[in-house]
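Engineer: Enclosed is the structure file query_12.cif (mmCIF, C-alpha atoms).
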data_input
#
loop_
_atom_site.group_PDB
_atom_site.id
_atom_site.type_symbol
_atom_site.label_atom_id
_atom_site.label_comp_id
_atom_site.auth_asym_id
_atom_site.auth_seq_id
_atom_site.Cartn_x
_atom_site.Cartn_y
_atom_site.Cartn_z
ATOM 1 C CA GLY G 172 253.704 126.172 129.954
ATOM 2 C CA PHE G 173 251.750 125.799 133.199
ATOM 3 C CA LYS G 174 254.245 127.973 135.096
ATOM 4 C CA ALA G 175 253.630 130.839 132.671
ATOM 5 C CA PHE G 176 249.881 130.240 132.770
ATOM 6 C CA CYS G 177 249.775 130.225 136.584
ATOM 7 C CA GLY G 178 252.386 132.961 136.909
ATOM 8 C CA VAL G 179 252.615 135.941 134.580
ATOM 9 C CA GLY G 180 249.634 134.963 132.443
ATOM 10 C CA PHE G 181 247.072 134.547 135.206
ATOM 11 C CA LEU G 182 246.309 138.135 136.242
ATOM 12 C CA PRO G 183 246.061 139.591 132.701
ATOM 13 C CA LEU G 184 243.761 136.754 131.651
ATOM 14 C CA LEU G 185 241.638 137.141 134.791
ATOM 15 C CA LYS G 186 241.432 140.888 134.188
ATOM 16 C CA LEU G 187 240.297 140.267 130.618
ATOM 17 C CA LEU G 188 237.618 137.814 131.743
ATOM 18 C CA MET G 189 236.367 140.206 134.442
ATOM 19 C CA TRP G 190 236.066 143.181 132.120
ATOM 20 C CA PRO G 191 232.258 142.858 131.642
ATOM 21 C CA ILE G 192 231.863 142.793 135.423
ATOM 22 C CA VAL G 193 234.118 145.785 135.993
ATOM 23 C CA ALA G 194 232.545 147.844 133.213
ATOM 24 C CA TRP G 195 229.137 147.565 134.934
ATOM 25 C CA GLN G 196 227.452 146.973 131.611
ATOM 26 C CA GLY G 197 224.201 145.636 132.984
ATOM 27 C CA SER G 198 223.326 141.987 132.763
ATOM 28 C CA GLY G 199 223.521 139.519 129.946
ATOM 29 C CA PRO G 200 225.467 136.571 128.654
ATOM 30 C CA ALA G 201 228.820 138.406 128.619
ATOM 31 C CA LEU G 202 228.499 139.274 132.301
ATOM 32 C CA THR G 203 227.414 135.751 133.254
ATOM 33 C CA MET G 204 230.117 134.076 131.205
ATOM 34 C CA GLY G 205 232.731 136.481 132.572
ATOM 35 C CA CYS G 206 231.786 135.582 136.152
ATOM 36 C CA ILE G 207 231.781 131.841 135.488
ATOM 37 C CA ALA G 208 235.018 131.866 133.473
ATOM 38 C CA SER G 209 236.797 134.045 136.064
ATOM 39 C CA PHE G 210 235.781 131.709 138.859
ATOM 40 C CA ILE G 211 236.833 128.571 136.953
ATOM 41 C CA LEU G 212 240.164 130.145 135.973
ATOM 42 C CA SER G 213 240.875 131.174 139.568
ATOM 43 C CA VAL G 214 240.058 127.706 140.923
ATOM 44 C CA MET G 215 242.130 126.032 138.213
ATOM 45 C CA VAL G 216 245.191 128.220 138.846
ATOM 46 C CA LEU G 217 244.898 127.745 142.605
ATOM 47 C CA ARG G 218 244.695 123.993 142.117
ATOM 48 C CA LEU G 219 247.714 123.936 139.792
ATOM 49 C CA THR G 220 249.705 126.179 142.143
ATOM 50 C CA ARG G 221 248.905 123.865 145.043
ATOM 51 C CA ALA G 222 250.347 120.967 143.007
ATOM 52 C CA ASP G 223 253.429 123.016 142.016
ATOM 53 C CA LYS G 224 252.110 123.435 138.460
ATOM 54 C CA LYS G 225 252.691 119.745 137.731
ATOM 55 C CA LEU G 226 249.800 118.107 135.961
ATOM 56 C CA ALA G 227 250.968 114.660 137.104
ATOM 57 C CA TYR G 228 250.031 115.626 140.689
ATOM 58 C CA ILE G 229 246.417 116.449 139.712
ATOM 59 C CA GLU G 230 243.841 113.660 139.732
ATOM 60 C CA MET G 231 240.886 114.795 137.676
ATOM 61 C CA LYS G 232 237.443 113.522 138.611
ATOM 62 C CA PRO G 233 233.996 114.275 137.171
ATOM 63 C CA ASN G 234 233.534 116.826 139.956
ATOM 64 C CA PHE G 235 236.013 119.599 139.143
ATOM 65 C CA PHE G 236 235.945 120.798 142.746
ATOM 66 C CA ASN G 237 236.957 117.421 144.225
ATOM 67 C CA TRP G 238 240.645 117.870 145.050
ATOM 68 C CA SER G 239 240.895 114.847 147.345
ATOM 69 C CA GLY G 240 243.083 112.840 144.965
ATOM 70 C CA ASP G 241 245.538 115.670 144.256
ATOM 71 C CA LYS G 242 249.080 115.490 145.598
ATOM 72 C CA PRO G 243 249.972 118.932 146.928
ATOM 73 C CA MET G 244 253.566 119.987 147.332
ATOM 74 C CA LEU G 245 254.953 119.675 150.835
ATOM 75 C CA GLU G 246 256.806 122.329 152.788
ATOM 76 C CA VAL G 247 260.542 121.685 152.861
ATOM 77 C CA ASP G 248 261.756 120.783 156.332
ATOM 78 C CA GLU G 249 265.305 122.035 156.915
ATOM 79 C CA GLU G 250 266.288 119.029 159.035
ATOM 80 C CA HIS G 251 264.750 116.339 156.853
ATOM 81 C CA THR G 252 265.077 117.812 153.368
ATOM 82 C CA GLY G 253 264.905 115.495 150.395
ATOM 83 C CA ARG G 254 262.962 112.768 152.190
ATOM 84 C CA HIS G 255 259.856 113.084 150.062
ATOM 85 C CA SER G 256 259.461 113.292 146.293
ATOM 86 C CA ARG G 257 256.916 116.132 146.554
ATOM 87 C CA GLU G 258 259.325 118.504 148.301
ATOM 88 C CA ARG G 259 260.881 121.204 146.218
ATOM 89 C CA LYS G 260 264.540 120.830 145.390
ATOM 90 C CA ARG G 261 267.198 123.497 145.152
ATOM 91 C CA GLU G 262 268.089 123.840 141.484
ATOM 92 C CA HIS G 263 269.594 127.344 141.502
ATOM 93 C CA PRO G 264 269.964 130.216 144.004
ATOM 94 C CA LEU G 265 266.447 131.533 143.299
ATOM 95 C CA SER G 266 264.677 128.176 143.544
ATOM 96 C CA GLU G 267 261.310 128.543 145.228
ATOM 97 C CA LYS G 268 261.074 126.766 148.562
ATOM 98 C CA SER G 269 257.620 127.237 150.053
ATOM 99 C CA PRO G 270 254.411 126.218 148.259
ATOM 100 C CA GLY G 271 252.463 127.972 151.020
ATOM 101 C CA TYR G 272 254.177 131.235 150.109
ATOM 102 C CA ASP G 273 253.209 130.766 146.457
ATOM 103 C CA ILE G 274 249.550 130.185 147.277
ATOM 104 C CA ALA G 275 249.399 133.103 149.714
ATOM 105 C CA THR G 276 251.061 135.528 147.292
ATOM 106 C CA LEU G 277 248.772 134.342 144.487
ATOM 107 C CA ILE G 278 245.764 135.209 146.641
ATOM 108 C CA VAL G 279 247.203 138.598 147.655
ATOM 109 C CA ARG G 280 248.086 139.471 144.036
ATOM 110 C CA THR G 281 244.566 138.525 142.951
ATOM 111 C CA PHE G 282 243.002 140.718 145.640
ATOM 112 C CA THR G 283 245.323 143.574 144.673
ATOM 113 C CA MET G 284 244.132 143.367 141.072
ATOM 114 C CA LEU G 285 240.487 143.132 142.160
ATOM 115 C CA ASN G 286 241.027 146.155 144.417
ATOM 116 C CA THR G 287 242.378 148.139 141.473
ATOM 117 C CA LEU G 288 239.521 147.084 139.197
ATOM 118 C CA PHE G 289 236.577 147.570 141.521
ATOM 119 C CA CYS G 290 237.577 150.299 143.984
ATOM 120 C CA ALA G 291 238.762 152.823 141.382
ATOM 121 C CA ARG G 292 235.163 153.838 140.660
ATOM 122 C CA LEU G 293 234.229 154.599 144.269
ATOM 123 C CA PRO G 294 233.386 158.257 144.921
ATOM 124 C CA ASP G 295 235.876 158.706 147.794
ATOM 125 C CA HIS G 296 238.787 159.965 145.658
ATOM 126 C CA GLN G 297 240.471 156.533 145.743
ATOM 127 C CA ILE G 298 241.076 156.597 149.507
ATOM 128 C CA THR G 299 239.477 153.164 149.899
ATOM 129 C CA MET G 300 241.616 151.709 147.118
ATOM 130 C CA ALA G 301 244.824 153.132 148.611
ATOM 131 C CA THR G 302 243.903 151.902 152.106
ATOM 132 C CA ILE G 303 243.195 148.376 150.885
ATOM 133 C CA ARG G 304 246.454 148.440 148.932
ATOM 134 C CA VAL G 305 248.391 149.289 152.123
ATOM 135 C CA ILE G 306 246.635 146.463 153.994
ATOM 136 C CA LEU G 307 247.454 143.981 151.222
ATOM 137 C CA ALA G 308 251.094 145.122 151.188
ATOM 138 C CA VAL G 309 251.313 144.593 154.951
ATOM 139 C CA ILE G 310 249.838 141.105 154.507
ATOM 140 C CA LEU G 311 252.455 140.401 151.827
ATOM 141 C CA LEU G 312 255.192 141.592 154.191
ATOM 142 C CA VAL G 313 253.925 139.309 156.973
ATOM 143 C CA ILE G 314 253.751 136.351 154.585
ATOM 144 C CA GLY G 315 257.329 136.986 153.475
ATOM 145 C CA TRP G 316 258.430 137.355 157.082
ATOM 146 C CA ARG G 317 256.861 134.060 158.155
ATOM 147 C CA CYS G 318 257.527 131.895 155.074
ATOM 148 C CA ASP G 319 260.868 131.497 153.356
ATOM 149 C CA CYS G 320 260.240 132.023 149.682
ATOM 150 C CA TYR G 321 263.699 130.798 148.674
ATOM 151 C CA PHE G 322 266.162 128.253 149.998
ATOM 152 C CA PRO G 323 268.810 129.552 152.441
ATOM 153 C CA PRO G 324 272.030 130.823 150.869
ATOM 154 C CA MET G 325 274.929 128.520 150.236
ATOM 155 C CA LEU G 326 278.569 129.467 150.762
ATOM 156 C CA GLN G 327 277.845 132.829 152.425
ATOM 157 C CA GLY G 328 275.873 134.095 149.432
ATOM 158 C CA TRP G 329 273.128 136.667 149.401
ATOM 159 C CA ASP G 330 270.041 135.746 151.395
ATOM 160 C CA PHE G 331 267.249 136.253 148.878
ATOM 161 C CA ASN G 332 264.629 135.829 151.607
ATOM 162 C CA CYS G 333 265.956 138.977 153.278
ATOM 163 C CA LEU G 334 265.932 140.797 149.952
ATOM 164 C CA GLN G 335 262.321 139.729 149.392
ATOM 165 C CA VAL G 336 261.237 140.953 152.833
ATOM 166 C CA GLY G 337 263.121 144.212 152.241
ATOM 167 C CA THR G 338 261.340 144.674 148.924
ATOM 168 C CA ASP G 339 257.991 143.977 150.598
ATOM 169 C CA ALA G 340 258.809 146.535 153.327
ATOM 170 C CA ALA G 341 259.663 149.096 150.634
ATOM 171 C CA LEU G 342 256.325 148.334 148.973
ATOM 172 C CA VAL G 343 254.498 149.012 152.258
ATOM 173 C CA THR G 344 256.357 152.317 152.573
ATOM 174 C CA ILE G 345 255.516 153.363 149.008
ATOM 175 C CA TYR G 346 251.857 152.435 149.375
ATOM 176 C CA ALA G 347 251.627 154.242 152.736
ATOM 177 C CA ALA G 348 253.119 157.363 151.124
ATOM 178 C CA ALA G 349 250.625 157.046 148.262
ATOM 179 C CA LEU G 350 247.786 156.747 150.783
ATOM 180 C CA ALA G 351 248.988 159.894 152.565
ATOM 181 C CA ALA G 352 249.162 161.717 149.221
ATOM 182 C CA VAL G 353 245.638 160.595 148.251
ATOM 183 C CA ILE G 354 244.241 161.704 151.619
ATOM 184 C CA ALA G 355 246.067 165.016 151.409
ATOM 185 C CA GLY G 356 244.837 165.578 147.863
ATOM 186 C CA ALA G 357 241.245 164.851 148.845
ATOM 187 C CA ARG G 358 241.138 166.775 152.124
ATOM 188 C CA LEU G 359 243.424 169.781 151.676
ATOM 189 C CA ASP G 360 243.027 172.885 149.542
ATOM 190 C CA GLU G 361 245.098 173.413 146.416
ATOM 191 C CA GLU G 362 246.935 176.300 148.094
ATOM 192 C CA VAL G 363 248.207 174.032 150.865
ATOM 193 C CA LEU G 364 249.337 171.376 148.369
ATOM 194 C CA ASP G 365 251.327 173.885 146.309
#
Kindly transcribe the structure held in the file into structure tokens.
Structural biologist:
Amino acid sequence: GFKAFCGVGFLPLLKLLMWPIVAWQGSGPALTMGCIASFILSVMVLRLTRADKKLAYIEMKPNFFNWSGDKPMLEVDEEHTGRHSRERKREHPLSEKSPGYDIATLIVRTFTMLNTLFCARLPDHQITMATIRVILAVILLVIGWRCDCYFPPMLQGWDFNCLQVGTDAALVTIYAAALAAVIAGARLDEEVLD
């Protein structure tokens, strides 16, 4: 349940909670509650992701922001794997390896959604939104390059880390092409575009 909540359910729920903020509907209780609930949800998901979505690793205290008793997941060391109970284990070929990768991609995905929500209304024909999207895609590529998302292949199988980096590189290319198209659409005449 927590994996779905912190994974596929997080961004749609955050988007729903931020709707009063994005709609710019003045001030009021809906706007205030949306801000507070969005912040609490983001902190809660970050905390659960840091503990590998295992509630047993979270030590709740009266201060919700006191994470000192939590037991975060540890990065898997290739030479000394399996020495600690909080290291991730290989269960199948697509088992996640790096908790740092999960946290970093969670932050990048959140900023990508916030970029889409808030920058779409800017009067610059979405050039700012497309530029930020390219920057975030490059950050995602660098994260994938530096952190191994998955365990190394066994028995000469496919290296899913390479596939992930290749997918991230394709995403950078697509977003760069979209940025070029947005700039061309905003700066060039219709005759040139045809």
Engineer: Given the file shown, enumerate the residues that the PyMOL selection byres ((chain G and resi 193) around 12) captures and present them as a PyMOL selection string.
Structural biologist: chain G and resi 185-192+194-198+201-202+205-206+284-292
Engineer: With C-alpha atoms retained, write the just-selected residues as a PDB file, in the frame of the given file.
Structural biologist:
ATOM      1  CA  LEU G 185     241.638 137.141 134.791  1.00  0.00           C
ATOM      2  CA  LYS G 186     241.432 140.888 134.188  1.00  0.00           C
ATOM      3  CA  LEU G 187     240.297 140.267 130.618  1.00  0.00           C
ATOM      4  CA  LEU G 188     237.618 137.814 131.743  1.00  0.00           C
ATOM      5  CA  MET G 189     236.367 140.206 134.442  1.00  0.00           C
ATOM      6  CA  TRP G 190     236.066 143.181 132.120  1.00  0.00           C
ATOM      7  CA  PRO G 191     232.258 142.858 131.642  1.00  0.00           C
ATOM      8  CA  ILE G 192     231.863 142.793 135.423  1.00  0.00           C
ATOM      9  CA  ALA G 194     232.545 147.844 133.213  1.00  0.00           C
ATOM     10  CA  TRP G 195     229.137 147.565 134.934  1.00  0.00           C
ATOM     11  CA  GLN G 196     227.452 146.973 131.611  1.00  0.00           C
ATOM     12  CA  GLY G 197     224.201 145.636 132.984  1.00  0.00           C
ATOM     13  CA  SER G 198     223.326 141.987 132.763  1.00  0.00           C
ATOM     14  CA  ALA G 201     228.820 138.406 128.619  1.00  0.00           C
ATOM     15  CA  LEU G 202     228.499 139.274 132.301  1.00  0.00           C
ATOM     16  CA  GLY G 205     232.731 136.481 132.572  1.00  0.00           C
ATOM     17  CA  CYS G 206     231.786 135.582 136.152  1.00  0.00           C
ATOM     18  CA  MET G 284     244.132 143.367 141.072  1.00  0.00           C
ATOM     19  CA  LEU G 285     240.487 143.132 142.160  1.00  0.00           C
ATOM     20  CA  ASN G 286     241.027 146.155 144.417  1.00  0.00           C
ATOM     21  CA  THR G 287     242.378 148.139 141.473  1.00  0.00           C
ATOM     22  CA  LEU G 288     239.521 147.084 139.197  1.00  0.00           C
ATOM     23  CA  PHE G 289     236.577 147.570 141.521  1.00  0.00           C
ATOM     24  CA  CYS G 290     237.577 150.299 143.984  1.00  0.00           C
ATOM     25  CA  ALA G 291     238.762 152.823 141.382  1.00  0.00           C
ATOM     26  CA  ARG G 292     235.163 153.838 140.660  1.00  0.00           C
TER      27      ARG G 292
END
Engineer: What gap, in Å, lies between atom CA of Pro264 of chain G and atom CA of Asp223 of chain G?
Structural biologist: 18.1 Å
Engineer: Starting from the shown file, work through the PyMOL selection byres ((chain G and resi 238) around 12) and note down what comes out as number ranges by chain.
Structural biologist: G: 214-215, 217-219, 221-222, 228-237, 239-243
Engineer: Any idea what the distance is between atom CA of Leu293 of chain G and atom CA of Asp360 of chain G?
Structural biologist: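 Between atom CA of Leu293 of chain G and atom CA of Asp360 of chain G the gap is 21.0 Å.
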Engineer: Within 7 Å of segment 319-328 of chain G, counting only C-alpha atoms, which residues show up once you throw out same-chain ones fewer than 2 positions away? Write them as a list of chain:residue names, please.
Structural biologist: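 Residues near the query, excluding close chain neighbours: G:Arg261, G:Leu265, G:Ser266, G:Glu267, G:Lys268, G:Ser269, G:Tyr272, G:Gly315, G:Arg317, G:Asp330, G:Phe331, G:Asn332.
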Engineer: Skipping near chain neighbours, those fewer than 4 positions away, what residues fall within 8 Å of Cys177 of chain G using all atoms listed in the file, listed as a VMD selection string?
Structural biologist: chain G and resid 173 181 216 219 to 220 224
Engineer: As an exercise, work out the distance from atom CA of Val353 of chain G to atom CA of Gly337 of chain G in Å and give it to one decimal place.
Structural biologist: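 Atom CA of Gly337 of chain G lies at a distance of 24.3 Å from atom CA of Val353 of chain G.
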Engineer: Nearest to Thr299 of chain G among G:Thr203, G:Gly271, G:Ala227, G:Ile354, with distances taken over all atoms listed in the file: which residue is it?
Structural biologist: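 Of G:Thr203, G:Gly271, G:Ala227, G:Ile354, the one nearest Thr299 of chain G, counting all atoms listed in the file, is G:Ile354.
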Engineer: Write out as AutoDock Vina command-line options an axis-aligned box for segment 276-289 of chain G: all of its atoms listed in the file, 8 Å added on each side, centre and edge lengths in Å with one decimal.
Structural biologist:
--center_x 243.8 --center_y 141.2 --center_z 143.4 --size_x 30.5 --size_y 29.8 --size_z 24.5
Engineer: I need the residue nearest Thr344 of chain G from this list: G:Ile306, G:Cys318, G:Leu226, G:Ile278. Use all atoms listed in the file for the distance.
Structural biologist: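 Under the stated criterion, the closest residue is G:Ile306.
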Engineer: List the residues selected by the PyMOL selection byres ((chain G and resi 309) around 10) in the file shown, writing them as a list in words.
Structural biologist: Ile303, Arg304, Val305, Ile306, Leu307, Ala308, Ile310, Leu311, Leu312, Val313, Ile314, Gly315, Asp339, Ala340, Leu342, Val343, Thr344, Tyr346 and Ala347 of chain G
Engineer: Tell me which of G:Met244, G:Ala208, G:Ala349, G:Ile274 sits closest to Lys225 of chain G, counting all atoms listed in the file.
Structural biologist: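 Nearest candidate to Lys225 of chain G out of G:Met244, G:Ala208, G:Ala349, G:Ile274: G:Met244.
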Engineer: Could you check which of G:Val336, G:Leu245, G:Ala352, G:Met204 is closest to Pro270 of chain G, using all atoms listed in the file?
Structural biologist: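 Under the stated criterion, the closest residue is G:Leu245.
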Engineer: Because the input lacks atoms here, generate N, CA and C atoms for segment 259-292 of chain G and report them as a short mmCIF file (atom, residue, chain, number, x, y, z; two decimals), in the frame of the given file.
Structural biologist:
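Written out: part_24.cif:
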data_model
loop_
_atom_site.label_atom_id
_atom_site.label_comp_id
_atom_site.auth_asym_id
_atom_site.auth_seq_id
_atom_site.Cartn_x
_atom_site.Cartn_y
_atom_site.Cartn_z
N ARG G 259 260.13 120.47 147.23
CA ARG G 259 260.88 121.20 146.22
C ARG G 259 262.38 121.02 146.43
N LYS G 260 263.08 121.01 145.35
CA LYS G 260 264.54 120.83 145.39
C LYS G 260 265.22 122.12 144.99
N ARG G 261 266.40 122.34 145.54
CA ARG G 261 267.20 123.50 145.15
C ARG G 261 267.85 123.20 143.80
N GLU G 262 267.50 124.00 142.80
CA GLU G 262 268.09 123.84 141.48
C GLU G 262 269.04 124.97 141.16
N HIS G 263 268.76 126.15 141.71
CA HIS G 263 269.59 127.34 141.50
C HIS G 263 269.36 128.27 142.69
N PRO G 264 270.11 129.36 142.81
CA PRO G 264 269.96 130.22 144.00
C PRO G 264 268.57 130.80 144.21
N LEU G 265 267.79 130.96 143.16
CA LEU G 265 266.45 131.53 143.30
C LEU G 265 265.35 130.47 143.20
N SER G 266 265.69 129.24 143.54
CA SER G 266 264.68 128.18 143.54
C SER G 266 263.65 128.45 144.64
N GLU G 267 262.38 128.32 144.27
CA GLU G 267 261.31 128.54 145.23
C GLU G 267 261.28 127.41 146.23
N LYS G 268 261.05 127.76 147.49
CA LYS G 268 261.07 126.77 148.56
C LYS G 268 259.69 126.43 149.08
N SER G 269 258.86 127.43 149.31
CA SER G 269 257.62 127.24 150.05
C SER G 269 256.40 127.28 149.14
N PRO G 270 255.67 126.17 149.01
CA PRO G 270 254.41 126.22 148.26
C PRO G 270 253.35 127.06 148.97
N GLY G 271 253.40 127.13 150.28
CA GLY G 271 252.46 127.97 151.02
C GLY G 271 252.64 129.44 150.69
N TYR G 272 253.89 129.85 150.50
CA TYR G 272 254.18 131.24 150.11
C TYR G 272 253.59 131.52 148.73
N ASP G 273 253.74 130.58 147.81
CA ASP G 273 253.21 130.77 146.46
C ASP G 273 251.70 130.94 146.46
N ILE G 274 251.01 130.10 147.22
CA ILE G 274 249.55 130.18 147.28
C ILE G 274 249.11 131.49 147.93
N ALA G 275 249.77 131.87 149.01
CA ALA G 275 249.40 133.10 149.71
C ALA G 275 249.65 134.33 148.84
N THR G 276 250.79 134.37 148.15
CA THR G 276 251.06 135.53 147.29
C THR G 276 250.13 135.55 146.08
N LEU G 277 249.74 134.39 145.58
CA LEU G 277 248.77 134.34 144.49
C LEU G 277 247.45 134.98 144.93
N ILE G 278 247.02 134.65 146.12
CA ILE G 278 245.76 135.21 146.64
C ILE G 278 245.89 136.72 146.86
N VAL G 279 247.01 137.16 147.42
CA VAL G 279 247.20 138.60 147.66
C VAL G 279 247.29 139.35 146.33
N ARG G 280 248.00 138.81 145.35
CA ARG G 280 248.09 139.47 144.04
C ARG G 280 246.72 139.55 143.38
N THR G 281 245.91 138.51 143.52
CA THR G 281 244.57 138.52 142.95
C THR G 281 243.70 139.59 143.62
N PHE G 282 243.76 139.68 144.94
CA PHE G 282 243.00 140.72 145.64
C PHE G 282 243.51 142.12 145.31
N THR G 283 244.78 142.27 145.07
CA THR G 283 245.32 143.57 144.67
C THR G 283 244.75 143.99 143.32
N MET G 284 244.70 143.05 142.38
CA MET G 284 244.13 143.37 141.07
C MET G 284 242.64 143.68 141.19
N LEU G 285 241.91 142.88 141.97
CA LEU G 285 240.49 143.13 142.16
C LEU G 285 240.25 144.48 142.83
N ASN G 286 241.11 144.85 143.77
CA ASN G 286 241.03 146.16 144.42
C ASN G 286 241.17 147.26 143.38
N THR G 287 242.15 147.13 142.50
CA THR G 287 242.38 148.14 141.47
C THR G 287 241.19 148.22 140.51
N LEU G 288 240.63 147.09 140.16
CA LEU G 288 239.52 147.08 139.20
C LEU G 288 238.23 147.64 139.78
N PHE G 289 237.90 147.24 140.99
CA PHE G 289 236.58 147.57 141.52
C PHE G 289 236.55 148.83 142.38
N CYS G 290 237.62 149.15 143.08
CA CYS G 290 237.58 150.30 143.98
C CYS G 290 237.92 151.62 143.30
N ALA G 291 238.40 151.58 142.07
CA ALA G 291 238.76 152.82 141.38
C ALA G 291 237.54 153.69 141.08
N ARG G 292 236.38 153.09 140.99
CA ARG G 292 235.16 153.84 140.66
C ARG G 292 234.43 154.38 141.88
#
